[in-house]
Amino acid sequence: MVPEILAISRRGLLVSLCGVLCALAAVAGNAQDEHPTLAIGSQAPAFSLLGIDGKTHTLDEYKAAQVLVIVFTCDHCPTAQLYESRLKKLVGDYKGKSVAFVMIQPNDPDAVRLDELGYTDVSDSLDDMKIRAAYRQFNFPYLYDGATQETARAYGPKATPHVFIFDAQRKLRFEGRIDDSQRENLVKRQDTRNAIDALLAGQPVAMDHTGVFGCSTKWKSKSASRIEYLKKVEAEPVTVDEANADALKKLRANGTGKLLLVNFWATWCGPCVVEFPDLETTYRMFRNRDFDMVTVAANMPDEKAGVMRFLQKQHASSRNLIFATTDTYALQAAFDPKWESGVPYTVLLAPDGKVLYRQTGDVDVMALRRVILANLPDPDYIGHRAYWAGK
């Protein structure tokens, strides 16, 4: 009995030790995911980051300015987007007043899931930052920290945008929001502007901390979530159905109640095959909103097996069709009598059937996404549609 009791005791001790070790591991893991925000009064942490201009920028580069404003922001976040114009205005208003502005993109692009790109044309890579900056004509340095996130860990931004303002000695004097509402017409308190003005006047900042509102910082620890989401999407069933003239007329009328992107393509069409992944990514980005996509293979019906192989390789879980007859001219005319050339042929339809975008040949995917964003209803984030419509 004694050996058995000892064995049971040892097993119990091992279980207890395992429980303690697992708990410690969990605490350590949570600690790694926690990134404390820089405390008021702290010295500005040094940084050396590549900008969209191809140059490396450092903290010392801005030492001549009486006030240094560092804003952590990004491309994909709709809140950050709505603050872009206000940031540009701040930079313009303080030009020549010894205030330096630096915008830093802290997110790891590999930690941003496709379903988090429903309000953007691009993600948060350095190349994507260049696209956004050119499109919105940024007038400030825009630096990339997504590769290592060393600077983000030193400053601890909780969301985008998150502002850090330093005095002439580079002591942190304000940390928090730009203003008190993401809707510009509802703003009552200009927190960042107030802090800058106080420091320029040699006065203490009355309110040196506020909460922030926006999209959470995408730390590298979130990359596993992106991979899991992508696996889930790629496991969705892929189908292809035959479409006759009546089906294509119905498709053109767009009875979905959503924006509908229709792409005619073929396995033997080089440009079609090249652009197909971008269109599929676009579908995955926007499909959780009032958006749908249908692909139509202009292959003959007896080529269905080849079409299916291609669609499966692309994990194309959108609705997929193939011409039901060999009379391709009649099927083209059934969808659009004015379509008299080849593929690829891409059309974006409004819920009432109005053509919002039409392209014969290669699609400019950035232009297409911006048309989609400018026409998607925004009852859940009012003001976002106007951002993309340029209003």
# chains A, B, ... in the order shown; residues from 1 in each chain; ligands from 1

call {"tool": "select_by_dssp", "arguments": {"residues": "region 29-105 of chain A", "states": "strand (DSSP E or B)", "output": "mmCIF file with N, CA and C atoms, in the first residue's frame"}}
result
data_model
loop_
_atom_site.group_PDB
_atom_site.id
_atom_site.type_symbol
_atom_site.label_atom_id
_atom_site.label_comp_id
_atom_site.auth_asym_id
_atom_site.auth_seq_id
_atom_site.Cartn_x
_atom_site.Cartn_y
_atom_site.Cartn_z
ATOM 1 N N GLN A 43 10.961 60.399 -20.597
ATOM 2 C CA GLN A 43 11.763 60.866 -21.721
ATOM 3 C C GLN A 43 11.310 60.154 -22.992
ATOM 4 N N SER A 48 14.458 54.669 -34.727
ATOM 5 C CA SER A 48 15.096 54.757 -36.045
ATOM 6 C C SER A 48 14.230 53.951 -36.994
ATOM 7 N N LEU A 49 13.419 54.648 -37.790
ATOM 8 C CA LEU A 49 12.385 53.985 -38.575
ATOM 9 C C LEU A 49 12.408 54.438 -40.036
ATOM 10 N N LEU A 50 12.095 53.500 -40.906
ATOM 11 C CA LEU A 50 12.024 53.796 -42.338
ATOM 12 C C LEU A 50 10.706 54.483 -42.655
ATOM 13 N N GLY A 51 10.786 55.547 -43.432
ATOM 14 C CA GLY A 51 9.599 56.289 -43.815
ATOM 15 C C GLY A 51 9.152 55.967 -45.225
ATOM 16 N N THR A 56 15.561 56.830 -43.537
ATOM 17 C CA THR A 56 15.452 56.439 -42.133
ATOM 18 C C THR A 56 15.366 57.693 -41.277
ATOM 19 N N HIS A 57 14.376 57.726 -40.403
ATOM 20 C CA HIS A 57 14.143 58.893 -39.556
ATOM 21 C C HIS A 57 14.387 58.525 -38.096
ATOM 22 N N THR A 58 15.000 59.455 -37.354
ATOM 23 C CA THR A 58 15.322 59.222 -35.945
ATOM 24 C C THR A 58 14.739 60.331 -35.079
ATOM 25 N N VAL A 67 8.229 71.667 -29.704
ATOM 26 C CA VAL A 67 7.223 70.654 -29.371
ATOM 27 C C VAL A 67 7.306 69.538 -30.398
ATOM 28 N N LEU A 68 7.259 68.298 -29.921
ATOM 29 C CA LEU A 68 7.255 67.137 -30.811
ATOM 30 C C LEU A 68 5.956 66.352 -30.608
ATOM 31 N N VAL A 69 5.233 66.159 -31.700
ATOM 32 C CA VAL A 69 3.965 65.422 -31.661
ATOM 33 C C VAL A 69 4.146 64.116 -32.425
ATOM 34 N N ILE A 70 4.022 62.998 -31.718
ATOM 35 C CA ILE A 70 4.121 61.677 -32.339
ATOM 36 C C ILE A 70 2.736 61.040 -32.291
ATOM 37 N N VAL A 71 2.249 60.661 -33.460
ATOM 38 C CA VAL A 71 0.919 60.047 -33.541
ATOM 39 C C VAL A 71 1.063 58.644 -34.109
ATOM 40 N N PHE A 72 0.590 57.663 -33.386
ATOM 41 C CA PHE A 72 0.538 56.294 -33.902
ATOM 42 C C PHE A 72 -0.799 56.120 -34.617
ATOM 43 N N VAL A 99 6.906 73.325 -34.157
ATOM 44 C CA VAL A 99 6.209 72.087 -33.783
ATOM 45 C C VAL A 99 6.501 71.042 -34.862
ATOM 46 N N ALA A 100 7.036 69.904 -34.460
ATOM 47 C CA ALA A 100 7.321 68.816 -35.397
ATOM 48 C C ALA A 100 6.291 67.714 -35.217
ATOM 49 N N PHE A 101 5.829 67.177 -36.333
ATOM 50 C CA PHE A 101 4.852 66.088 -36.327
ATOM 51 C C PHE A 101 5.468 64.849 -36.958
ATOM 52 N N VAL A 102 5.247 63.711 -36.332
ATOM 53 C CA VAL A 102 5.698 62.431 -36.862
ATOM 54 C C VAL A 102 4.572 61.425 -36.700
ATOM 55 N N MET A 103 4.177 60.771 -37.795
ATOM 56 C CA MET A 103 3.161 59.715 -37.728
ATOM 57 C C MET A 103 3.865 58.362 -37.873
ATOM 58 N N ILE A 104 3.516 57.433 -37.003
ATOM 59 C CA ILE A 104 4.141 56.113 -36.999
ATOM 60 C C ILE A 104 3.068 55.042 -37.138
ATOM 61 N N GLN A 105 3.277 54.107 -38.061
ATOM 62 C CA GLN A 105 2.354 52.988 -38.258
ATOM 63 C C GLN A 105 2.878 51.805 -37.432
#

call {"tool": "select_by_dssp", "arguments": {"residues": "region 81-172 of chain A", "states": "alpha helix (DSSP H)", "output": "number ranges by chain"}}
result
A: 81-93, 126-136, 150-155

call {"tool": "residues_around", "arguments": {"residues": "region 108-117 of chain A", "least_positions_apart": "5", "cutoff": "7 Å", "atoms": "only C-alpha atoms", "output": "ChimeraX atom specification"}}
result
/A:76,123-125,146-147,218-220,222-223,226,229,284-285

call {"tool": "write_last_selection", "arguments": {"atoms": "N, CA, C and O atoms", "output": "PDB file, in the first residue's frame"}}
result
ATOM      1  N   HIS A  76      -5.608  50.854 -42.198  1.00  0.00           N
ATOM      2  CA  HIS A  76      -6.829  50.056 -42.314  1.00  0.00           C
ATOM      3  C   HIS A  76      -7.960  50.502 -41.396  1.00  0.00           C
ATOM      4  O   HIS A  76      -9.126  50.211 -41.667  1.00  0.00           O
ATOM      5  N   SER A 123      -3.929  47.469 -46.641  1.00  0.00           N
ATOM      6  CA  SER A 123      -3.629  47.069 -45.269  1.00  0.00           C
ATOM      7  C   SER A 123      -2.524  47.975 -44.721  1.00  0.00           C
ATOM      8  O   SER A 123      -2.453  49.152 -45.097  1.00  0.00           O
ATOM      9  N   ASP A 124      -1.650  47.446 -43.885  1.00  0.00           N
ATOM     10  CA  ASP A 124      -0.706  48.288 -43.152  1.00  0.00           C
ATOM     11  C   ASP A 124       0.771  48.008 -43.440  1.00  0.00           C
ATOM     12  O   ASP A 124       1.621  48.297 -42.610  1.00  0.00           O
ATOM     13  N   SER A 125       1.081  47.443 -44.605  1.00  0.00           N
ATOM     14  CA  SER A 125       2.488  47.252 -44.964  1.00  0.00           C
ATOM     15  C   SER A 125       3.093  48.588 -45.366  1.00  0.00           C
ATOM     16  O   SER A 125       2.376  49.580 -45.594  1.00  0.00           O
ATOM     17  N   GLY A 146       6.035  48.304 -38.276  1.00  0.00           N
ATOM     18  CA  GLY A 146       5.372  47.005 -38.264  1.00  0.00           C
ATOM     19  C   GLY A 146       6.305  45.811 -38.285  1.00  0.00           C
ATOM     20  O   GLY A 146       5.916  44.717 -37.882  1.00  0.00           O
ATOM     21  N   ALA A 147       7.547  45.996 -38.745  1.00  0.00           N
ATOM     22  CA  ALA A 147       8.476  44.872 -38.857  1.00  0.00           C
ATOM     23  C   ALA A 147       8.940  44.372 -37.492  1.00  0.00           C
ATOM     24  O   ALA A 147       8.954  43.169 -37.230  1.00  0.00           O
ATOM     25  N   LYS A 218      -2.313  46.209 -33.562  1.00  0.00           N
ATOM     26  CA  LYS A 218      -2.196  44.823 -34.017  1.00  0.00           C
ATOM     27  C   LYS A 218      -0.779  44.319 -33.736  1.00  0.00           C
ATOM     28  O   LYS A 218       0.121  44.395 -34.577  1.00  0.00           O
ATOM     29  N   TRP A 219      -0.603  43.802 -32.498  1.00  0.00           N
ATOM     30  CA  TRP A 219       0.690  43.273 -32.094  1.00  0.00           C
ATOM     31  C   TRP A 219       0.953  41.939 -32.781  1.00  0.00           C
ATOM     32  O   TRP A 219       0.028  41.247 -33.224  1.00  0.00           O
ATOM     33  N   LYS A 220       2.210  41.569 -32.851  1.00  0.00           N
ATOM     34  CA  LYS A 220       2.601  40.336 -33.529  1.00  0.00           C
ATOM     35  C   LYS A 220       1.913  39.105 -32.937  1.00  0.00           C
ATOM     36  O   LYS A 220       1.704  38.108 -33.622  1.00  0.00           O
ATOM     37  N   LYS A 222      -0.998  38.677 -32.412  1.00  0.00           N
ATOM     38  CA  LYS A 222      -2.299  38.455 -33.040  1.00  0.00           C
ATOM     39  C   LYS A 222      -2.192  37.783 -34.406  1.00  0.00           C
ATOM     40  O   LYS A 222      -3.211  37.507 -35.044  1.00  0.00           O
ATOM     41  N   SER A 223      -0.971  37.512 -34.860  1.00  0.00           N
ATOM     42  CA  SER A 223      -0.802  36.929 -36.197  1.00  0.00           C
ATOM     43  C   SER A 223      -1.417  35.541 -36.292  1.00  0.00           C
ATOM     44  O   SER A 223      -1.880  35.131 -37.362  1.00  0.00           O
ATOM     45  N   ARG A 226      -4.936  35.714 -37.461  1.00  0.00           N
ATOM     46  CA  ARG A 226      -5.067  35.940 -38.905  1.00  0.00           C
ATOM     47  C   ARG A 226      -4.932  34.628 -39.663  1.00  0.00           C
ATOM     48  O   ARG A 226      -5.696  34.349 -40.600  1.00  0.00           O
ATOM     49  N   TYR A 229      -8.034  32.489 -39.181  1.00  0.00           N
ATOM     50  CA  TYR A 229      -9.159  33.013 -39.963  1.00  0.00           C
ATOM     51  C   TYR A 229      -9.012  32.646 -41.438  1.00  0.00           C
ATOM     52  O   TYR A 229      -9.975  32.238 -42.092  1.00  0.00           O
ATOM     53  N   ARG A 284     -13.275  38.969 -50.000  1.00  0.00           N
ATOM     54  CA  ARG A 284     -13.101  38.581 -48.595  1.00  0.00           C
ATOM     55  C   ARG A 284     -13.019  39.794 -47.679  1.00  0.00           C
ATOM     56  O   ARG A 284     -13.436  39.739 -46.520  1.00  0.00           O
ATOM     57  N   MET A 285     -12.486  40.887 -48.181  1.00  0.00           N
ATOM     58  CA  MET A 285     -12.399  42.109 -47.391  1.00  0.00           C
ATOM     59  C   MET A 285     -13.778  42.693 -47.087  1.00  0.00           C
ATOM     60  O   MET A 285     -14.053  43.110 -45.962  1.00  0.00           O
TER      61      MET A 285
END

call {"tool": "residues_around", "arguments": {"residues": "region 257-265 of chain A", "least_positions_apart": "4", "cutoff": "8 Å", "atoms": "only C-alpha atoms", "output": "PyMOL selection string"}}
result
chain A and resi 269+272-273+290-298+343-352+372+375-376

call {"tool": "closest_residue", "arguments": {"among": "A:Val371, A:Val233, A:Leu248, A:Ile40", "to": "Leu331 (chain A)", "atoms": "only C-alpha atoms"}}
result
A:Leu248

call {"tool": "residues_around", "arguments": {"residues": "Ala133 (chain A)", "least_positions_apart": "6", "cutoff": "12 Å", "atoms": "only C-alpha atoms", "output": "list in words"}}
result
Gly51, Ile52, Asp53, Cys74, Asp75, Gln81, Glu84, Ser85, Lys88, Met103, Gln105, Val122, Asp124, Leu126, Asp127, Asn139, Phe140, Pro141, Tyr142 and Leu143 of chain A

call {"tool": "write_last_selection", "arguments": {"atoms": "N, CA, C and O atoms", "output": "PDB file, in the first residue's frame"}}
result
ATOM      1  N   GLY A  51      10.786  55.547 -43.432  1.00  0.00           N
ATOM      2  CA  GLY A  51       9.599  56.289 -43.815  1.00  0.00           C
ATOM      3  C   GLY A  51       9.152  55.967 -45.225  1.00  0.00           C
ATOM      4  O   GLY A  51       9.848  55.290 -45.983  1.00  0.00           O
ATOM      5  N   ILE A  52       7.996  56.471 -45.596  1.00  0.00           N
ATOM      6  CA  ILE A  52       7.472  56.235 -46.946  1.00  0.00           C
ATOM      7  C   ILE A  52       8.321  56.930 -48.000  1.00  0.00           C
ATOM      8  O   ILE A  52       8.208  56.617 -49.195  1.00  0.00           O
ATOM      9  N   ASP A  53       9.185  57.842 -47.556  1.00  0.00           N
ATOM     10  CA  ASP A  53      10.074  58.538 -48.483  1.00  0.00           C
ATOM     11  C   ASP A  53      11.354  57.747 -48.756  1.00  0.00           C
ATOM     12  O   ASP A  53      12.229  58.209 -49.488  1.00  0.00           O
ATOM     13  N   CYS A  74      -2.645  54.373 -38.619  1.00  0.00           N
ATOM     14  CA  CYS A  74      -2.479  53.287 -39.597  1.00  0.00           C
ATOM     15  C   CYS A  74      -3.397  53.506 -40.786  1.00  0.00           C
ATOM     16  O   CYS A  74      -4.140  54.494 -40.846  1.00  0.00           O
ATOM     17  N   ASP A  75      -3.352  52.577 -41.737  1.00  0.00           N
ATOM     18  CA  ASP A  75      -4.162  52.665 -42.949  1.00  0.00           C
ATOM     19  C   ASP A  75      -5.551  52.061 -42.785  1.00  0.00           C
ATOM     20  O   ASP A  75      -6.547  52.625 -43.224  1.00  0.00           O
ATOM     21  N   GLN A  81      -8.698  56.722 -40.414  1.00  0.00           N
ATOM     22  CA  GLN A  81      -8.974  57.370 -41.700  1.00  0.00           C
ATOM     23  C   GLN A  81      -9.708  58.691 -41.507  1.00  0.00           C
ATOM     24  O   GLN A  81      -9.388  59.697 -42.152  1.00  0.00           O
ATOM     25  N   GLU A  84      -7.413  61.575 -40.670  1.00  0.00           N
ATOM     26  CA  GLU A  84      -6.323  61.957 -41.575  1.00  0.00           C
ATOM     27  C   GLU A  84      -6.377  63.440 -41.940  1.00  0.00           C
ATOM     28  O   GLU A  84      -5.359  64.144 -41.898  1.00  0.00           O
ATOM     29  N   SER A  85      -7.559  63.929 -42.303  1.00  0.00           N
ATOM     30  CA  SER A  85      -7.687  65.337 -42.696  1.00  0.00           C
ATOM     31  C   SER A  85      -7.380  66.262 -41.532  1.00  0.00           C
ATOM     32  O   SER A  85      -6.752  67.322 -41.702  1.00  0.00           O
ATOM     33  N   LYS A  88      -3.639  66.417 -41.075  1.00  0.00           N
ATOM     34  CA  LYS A  88      -3.059  67.289 -42.105  1.00  0.00           C
ATOM     35  C   LYS A  88      -3.265  68.756 -41.749  1.00  0.00           C
ATOM     36  O   LYS A  88      -2.378  69.598 -41.929  1.00  0.00           O
ATOM     37  N   MET A 103       4.177  60.771 -37.795  1.00  0.00           N
ATOM     38  CA  MET A 103       3.161  59.715 -37.728  1.00  0.00           C
ATOM     39  C   MET A 103       3.865  58.362 -37.873  1.00  0.00           C
ATOM     40  O   MET A 103       4.694  58.177 -38.776  1.00  0.00           O
ATOM     41  N   GLN A 105       3.277  54.107 -38.061  1.00  0.00           N
ATOM     42  CA  GLN A 105       2.354  52.988 -38.258  1.00  0.00           C
ATOM     43  C   GLN A 105       2.878  51.805 -37.432  1.00  0.00           C
ATOM     44  O   GLN A 105       3.906  51.228 -37.764  1.00  0.00           O
ATOM     45  N   VAL A 122      -6.404  49.324 -48.587  1.00  0.00           N
ATOM     46  CA  VAL A 122      -5.102  48.688 -48.371  1.00  0.00           C
ATOM     47  C   VAL A 122      -4.976  48.254 -46.918  1.00  0.00           C
ATOM     48  O   VAL A 122      -5.761  48.664 -46.056  1.00  0.00           O
ATOM     49  N   ASP A 124      -1.650  47.446 -43.885  1.00  0.00           N
ATOM     50  CA  ASP A 124      -0.706  48.288 -43.152  1.00  0.00           C
ATOM     51  C   ASP A 124       0.771  48.008 -43.440  1.00  0.00           C
ATOM     52  O   ASP A 124       1.621  48.297 -42.610  1.00  0.00           O
ATOM     53  N   LEU A 126       4.416  48.622 -45.486  1.00  0.00           N
ATOM     54  CA  LEU A 126       5.086  49.862 -45.900  1.00  0.00           C
ATOM     55  C   LEU A 126       4.639  50.272 -47.300  1.00  0.00           C
ATOM     56  O   LEU A 126       4.391  51.459 -47.558  1.00  0.00           O
ATOM     57  N   ASP A 127       4.509  49.310 -48.200  1.00  0.00           N
ATOM     58  CA  ASP A 127       4.033  49.634 -49.550  1.00  0.00           C
ATOM     59  C   ASP A 127       2.618  50.182 -49.516  1.00  0.00           C
ATOM     60  O   ASP A 127       2.273  51.109 -50.266  1.00  0.00           O
ATOM     61  N   ASN A 139       1.012  65.311 -45.628  1.00  0.00           N
ATOM     62  CA  ASN A 139       2.005  66.380 -45.526  1.00  0.00           C
ATOM     63  C   ASN A 139       2.884  66.208 -44.289  1.00  0.00           C
ATOM     64  O   ASN A 139       3.380  67.182 -43.717  1.00  0.00           O
ATOM     65  N   PHE A 140       3.061  64.957 -43.863  1.00  0.00           N
ATOM     66  CA  PHE A 140       3.843  64.676 -42.661  1.00  0.00           C
ATOM     67  C   PHE A 140       4.662  63.403 -42.856  1.00  0.00           C
ATOM     68  O   PHE A 140       4.331  62.578 -43.703  1.00  0.00           O
ATOM     69  N   PRO A 141       5.739  63.248 -42.086  1.00  0.00           N
ATOM     70  CA  PRO A 141       6.505  62.003 -42.144  1.00  0.00           C
ATOM     71  C   PRO A 141       5.619  60.840 -41.687  1.00  0.00           C
ATOM     72  O   PRO A 141       4.902  60.954 -40.689  1.00  0.00           O
ATOM     73  N   TYR A 142       5.672  59.738 -42.420  1.00  0.00           N
ATOM     74  CA  TYR A 142       4.862  58.560 -42.093  1.00  0.00           C
ATOM     75  C   TYR A 142       5.826  57.382 -42.027  1.00  0.00           C
ATOM     76  O   TYR A 142       6.375  56.962 -43.047  1.00  0.00           O
ATOM     77  N   LEU A 143       6.068  56.875 -40.822  1.00  0.00           N
ATOM     78  CA  LEU A 143       7.127  55.897 -40.569  1.00  0.00           C
ATOM     79  C   LEU A 143       6.557  54.521 -40.259  1.00  0.00           C
ATOM     80  O   LEU A 143       5.482  54.396 -39.654  1.00  0.00           O
TER      81      LEU A 143
END

call {"tool": "atom_distance", "arguments": {"atom1": "CA of Met129 (chain A)", "atom2": "CA of Lys158 (chain A)"}}
result
19.9 Å

call {"tool": "closest_residue", "arguments": {"among": "A:Gly342, A:Pro45, A:Gly54, A:Pro78", "to": "Tyr387 (chain A)", "atoms": "only C-alpha atoms"}}
result
A:Pro78

call {"tool": "atom_distance", "arguments": {"atom1": "CA of Gln149 (chain A)", "atom2": "CA of Val163 (chain A)"}}
result
16.6 Å
